[in-house]
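Everything on this sheet refers to the single structure shown next.
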Amino acid sequence: MTDPRLTHYDDEGRPRMVDVSGKSATVRRAHAGGHLTVSEESWRAIEERRFPKGDPFEIARIAGIAAAKKTADLIPLCHPLRLTFIDISITPVPESRTIEIVSTAVAEEKTGVEMESLVATTVALLTIYDMLKAIDKGMTISEVRLLEKSGGKSDYSAKDTSNP
């Protein structure tokens with residue numbers, strides 16, 4: 001018998017998608033973030049808007065949005081959701097030669113959109129890496145994390161250290 005606290009397994013220990021049919025749909029919102037740190041040469045290319053493959057930021061925005069919409073295809077036990085809003089914010093941070101991505105996903109659903117936001121952030125970061133790898137193969141993707149979620153049984157904010 002499987003530990004009853006493992007929500008993604010049935011009584012015989014087989015993986016399953018959690019049944020959310022008894023839950024009420026609410027507006028769910030999640031923000032996830034991550035960083036890409038680049039070399040000085042890549043940073044100069046960004047500042048000069050000199051890209052070997054085209055504008056990595058606009059392509060990353062499109063890739064992140066498309067990825068959020070495909071989350072249930074990528075992560076086997078995620079519910080397919082009808083997303084009502086996806087946004088990808090891209091902020092270059094010169095002091096650290098870092099590109100910061102923040103993705104927002106929103107849906108009126110019975111389950112949260114954290115995974116959609118995390119997938120959007122990750123794919124946007126990977127897309128920028130792909131677009132700049134001709135200049136810099138040593139880039140580092142880091143700190144991909146949930147920043148905030150709301151609309152379900154429990155809210156979360158990375159800023160609030162009292163949240164588990």
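Residues are named by chain letter and number: chains run A, B, ... in the order of the structure tokens, numbers start at 1 in each chain, and ligands are numbered from 1 in the order shown.
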
Exercise. Which residues, written as a PyMOL selection string, have at least one atom at most 12 Å from A:Arg16, with only C-alpha atoms counted and residues fewer than 4 positions away on the same chain left out?
Worked result: chain A and resi 6-12+20+76-79

Problem set entry | Those in chain A with strand (DSSP E) from DSSP, as a VMD selection string | chain A and resid 26 to 37 83 to 93 98 to 109 140 to 150 156 to 157

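Separating atom CA of A:Val18 from atom CA of A:Lys110 is a distance of 11.1 Å.
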
Exercise. Between atom CA of A:Tyr129 and atom CA of A:Ile59, what is the distance, to one decimal in Å?
Worked result: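 Separating atom CA of A:Tyr129 from atom CA of A:Ile59 is a distance of 11.2 Å.
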
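Across A:Gly151, A:Pro52, A:Pro15, A:Gly34, the tightest approach to A:Thr91 is made by A:Gly34 when counting only C-alpha atoms.
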
Problem set entry | DSSP helix (DSSP H, G or I) residues within chain A, as an NGL selection string | :A and (40-48 or 56-69 or 71-74 or 94-96 or 114-132)

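Closest approach to A:Ile86 among A:Ile99, A:Ala107, A:Ile128, A:Ala72: A:Ala107, based on only C-alpha atoms.
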
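Considering the residues A:Ala68, A:Leu83, A:Ile135, A:Ala105 and counting only C-alpha atoms, A:Ala120 has its shortest atom-to-atom contact with A:Ala68.
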
For this session: Would you list the contacts of A:Ser89 as number ranges by chain, taking every protein, DNA or RNA residue within 8 Å and counting only C-alpha atoms, but skipping same-chain residues closer than 2 positions in sequence?
Result: A: 61, 87, 91, 100-103

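Each of A:Ala60, A:Val27, A:Leu126, A:Met131 was compared to A:Arg82 using only C-alpha atoms, and A:Val27 turns out to be the nearest.
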
Exercise. Counting only C-alpha atoms, what is within 9 Å of A:Ala158, bar same-chain residues fewer than 5 positions away, as a list in words?
Worked result: Arg145, Leu146, Leu147, Glu148 and Asn163 of chain A

Okay, now the selection with N, CA, C and O atoms, as a PDB file, in the first residue's frame?
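Result written to again_28.pdb:
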ATOM      1  N   ARG A 145      12.660  29.668 -10.065  1.00  0.00           N
ATOM      2  CA  ARG A 145      11.892  29.432  -8.843  1.00  0.00           C
ATOM      3  C   ARG A 145      10.513  30.075  -8.938  1.00  0.00           C
ATOM      4  O   ARG A 145      10.304  31.006  -9.719  1.00  0.00           O
ATOM      5  N   LEU A 146       9.616  29.546  -8.108  1.00  0.00           N
ATOM      6  CA  LEU A 146       8.304  30.160  -7.959  1.00  0.00           C
ATOM      7  C   LEU A 146       8.474  31.409  -7.115  1.00  0.00           C
ATOM      8  O   LEU A 146       9.077  31.367  -6.036  1.00  0.00           O
ATOM      9  N   LEU A 147       7.963  32.527  -7.597  1.00  0.00           N
ATOM     10  CA  LEU A 147       8.047  33.781  -6.850  1.00  0.00           C
ATOM     11  C   LEU A 147       6.777  34.035  -6.043  1.00  0.00           C
ATOM     12  O   LEU A 147       6.842  34.541  -4.933  1.00  0.00           O
ATOM     13  N   GLU A 148       5.644  33.671  -6.644  1.00  0.00           N
ATOM     14  CA  GLU A 148       4.373  33.967  -5.985  1.00  0.00           C
ATOM     15  C   GLU A 148       3.259  33.168  -6.650  1.00  0.00           C
ATOM     16  O   GLU A 148       3.312  32.902  -7.843  1.00  0.00           O
ATOM     17  N   ASN A 163       5.900  31.613   4.870  1.00  0.00           N
ATOM     18  CA  ASN A 163       5.290  30.584   4.029  1.00  0.00           C
ATOM     19  C   ASN A 163       6.189  29.370   3.968  1.00  0.00           C
ATOM     20  O   ASN A 163       7.392  29.505   3.792  1.00  0.00           O
TER      21      ASN A 163
END

For this session: Please provide the set of residues having any atom within 8 Å of A:Ser150, restricted to only C-alpha atoms, with same-chain residues fewer than 5 positions apart removed, written as a list in words.
Result: Arg28, Arg29, Ala30, Asp155 and Tyr156 of chain A

Restricting it to all heavy atoms, dump the selection as a compact mmCIF listing (two decimals), in the first residue's frame.
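Saved as again_28.txt:
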# COMPACT_ATOMS: atom_id res chain seq x y z
N ARG A 28 -6.52 31.61 -10.73
CA ARG A 28 -5.20 31.20 -10.24
C ARG A 28 -4.15 32.03 -10.96
O ARG A 28 -4.23 32.24 -12.17
CB ARG A 28 -4.95 29.72 -10.53
CG ARG A 28 -6.08 28.77 -10.16
CD ARG A 28 -6.26 28.68 -8.66
NE ARG A 28 -7.31 27.75 -8.31
CZ ARG A 28 -7.14 26.67 -7.58
NH1 ARG A 28 -5.96 26.38 -7.08
NH2 ARG A 28 -8.17 25.89 -7.29
N ARG A 29 -3.16 32.48 -10.22
CA ARG A 29 -2.09 33.31 -10.78
C ARG A 29 -0.77 32.83 -10.20
O ARG A 29 -0.69 32.53 -9.01
CB ARG A 29 -2.34 34.77 -10.41
CG ARG A 29 -1.31 35.76 -10.91
CD ARG A 29 -1.66 37.19 -10.50
NE ARG A 29 -2.99 37.59 -10.92
CZ ARG A 29 -3.28 38.12 -12.11
NH1 ARG A 29 -2.32 38.32 -12.98
NH2 ARG A 29 -4.51 38.47 -12.40
N ALA A 30 0.25 32.78 -11.04
CA ALA A 30 1.58 32.41 -10.56
C ALA A 30 2.63 33.23 -11.30
O ALA A 30 2.49 33.51 -12.50
CB ALA A 30 1.85 30.92 -10.75
N ASP A 155 -1.97 30.63 -0.61
CA ASP A 155 -1.17 31.56 -1.39
C ASP A 155 0.30 31.38 -0.98
O ASP A 155 0.60 30.81 0.07
CB ASP A 155 -1.61 33.00 -1.15
CG ASP A 155 -2.99 33.30 -1.73
OD1 ASP A 155 -3.47 32.49 -2.55
OD2 ASP A 155 -3.55 34.33 -1.37
N TYR A 156 1.19 31.88 -1.82
CA TYR A 156 2.62 31.77 -1.53
C TYR A 156 3.31 33.01 -2.08
O TYR A 156 3.00 33.48 -3.17
CB TYR A 156 3.22 30.53 -2.20
CG TYR A 156 4.73 30.50 -2.13
CD1 TYR A 156 5.39 30.09 -0.98
CD2 TYR A 156 5.50 30.92 -3.22
CE1 TYR A 156 6.78 30.08 -0.93
CE2 TYR A 156 6.88 30.91 -3.16
CZ TYR A 156 7.50 30.50 -2.01
OH TYR A 156 8.87 30.51 -1.96

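Of the listed residues (A:Gly33, A:Gly152, A:Pro94, A:Gly22), A:Gly33 comes nearest to A:Thr121; the distances count only C-alpha atoms.
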
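Reported to one decimal place, the separation of atom CA of A:Ile65 from atom CA of A:Gly112 is 16.7 Å.
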
Problem set entry | Shell around A:Gly138 at 12 Å using only C-alpha atoms, local window under 3 positions removed, as a PyMOL selection string | chain A and resi 36-42+129-130+132-135+141

For this session: Would you please work out which residue, of A:Asp19, A:Asp55, A:Glu109, A:Glu47, is nearest to A:Arg97 when using only C-alpha atoms?
Result: A:Glu47
